Amino acid sequence: DTRVSDDDLQPGTTPRTLELYCGRAGWSAHHKKRGCDAWFLDNDRASVEPAFADKPEYMEDGNILSLNGLDTTKFIHLDFLDEAAIARFASTASEGSTLVISGDLSVASRLEEHLGLLARHASPPLFVLGNHDYYGGAIEPVRTRMSSLDPSLGRWLPAAGVVELSEDSVCVGVDGWGDARLGNPETTPIVLNDFLRIEDLPLGPVELRNSKLRALGDAEAALARSLLTRAARQAPNVLFVTHVPPFREACWHEGSHSGPDWLPFFTCAAVGE
């Protein structure tokens, strides 16, 4: 009789074995210190490099500024790595396994390049796109390219439909998008790089920005509903992949739920609903 306590069911509880942890580099280093196998991402090189150091970095008051001990084979943003590091990353996948990536693997201009490197050293992945994958491009042109992607490079789940994993398991996925519904979407002072580096996201009035984000979220939710309905009819076990947390409770940063100024951009409420 194995019982699970209420504490074990709380979001963010550290599992005894963590096979995949997608989060900030510093927080992933914290998990690694606790014996977990920490995979990680981050949004700029300056945030990542201290986590590769041999020793932690300290502030003047003696508190730890940056943890350490991570290695490049566990870093998901492939545009930060050279080909040798990508090969090491890909080699960590078990032989015969299906590689599933939940977004933020590259930038718009290099997606096919990095997917090709993964396919060369592991297997063509199943994947969804994250916001960083659109950096330097526009949403629809990137999606058009991924919809017609050579299967030898990978399969973009929103276009792939229901993908069979085994006799009783299938996989479906959508990108998701921060849809400006949770937290403080009208008053947040946060300006993401998304509005500077994705061509068709408006940086102008809040009303225009939020309207665009909500439309994107609604489209992702409609696609998720269709795919999940089809998947549930096909198999008893469904793996659903998305980049943006669909619930407030699933949106974490450095051990706490993301604050109300960040939630509008880091959750897709429409998909959650």
# chains A, B, ... in the order shown; residues from 1 in each chain; ligands from 1
>>> residues_around(residues="A:Trp262", least_positions_apart="5", cutoff="12 Å", atoms="only C-alpha atoms", output="MDAnalysis selection string")
chainID A and resid 178:192 248 251:253 257 267:268
>>> closest_atom_pairs(of="stretch 119-158 of chain A", to="stretch 217-240 of chain A", cutoff="12 Å", atoms="only C-alpha atoms", output="CSV")
residue,atom,partner,partner_atom,distance
A:Leu126,CA,A:Phe240,CA,11.4
A:Phe127,CA,A:Phe240,CA,10.9
A:Val128,CA,A:Phe240,CA,10.5
A:Leu129,CA,A:Glu220,CA,11.9
A:Leu157,CA,A:Phe240,CA,9.8
A:Pro158,CA,A:Leu223,CA,7.7
>>> atom_distance(atom1="atom CA of A:Leu115", atom2="atom CA of A:His243")
17.0 Å
>>> atom_distance(atom1="atom CA of A:Glu199", atom2="atom CA of A:Ala138")
4.9 Å
>>> select_by_dssp(residues="stretch 96-272 of chain A", states="alpha helix (DSSP H)", output="ChimeraX atom specification")
/A:111-121,139-147,157-160,194-197,206-234,263-266,269-272
>>> atom_distance(atom1="atom CA of A:Cys171", atom2="atom CA of A:Ser258")
28.0 Å
>>> closest_residue(among="A:Ile198, A:Ala159, A:Ala269, A:Phe247", to="A:Thr144", atoms="only C-alpha atoms")
A:Ala159
>>> closest_atom_pairs(of="stretch 233-263 of chain A", to="stretch 95-114 of chain A", cutoff="9 Å", atoms="only C-alpha atoms", output="tab-separated table")
residue	atom	partner	partner_atom	distance
A:Val241	CA	A:Ser102	CA	6.2
A:Thr242	CA	A:Ser102	CA	5.8
A:His243	CA	A:Ser102	CA	5.2
A:Val244	CA	A:Ser102	CA	8.9
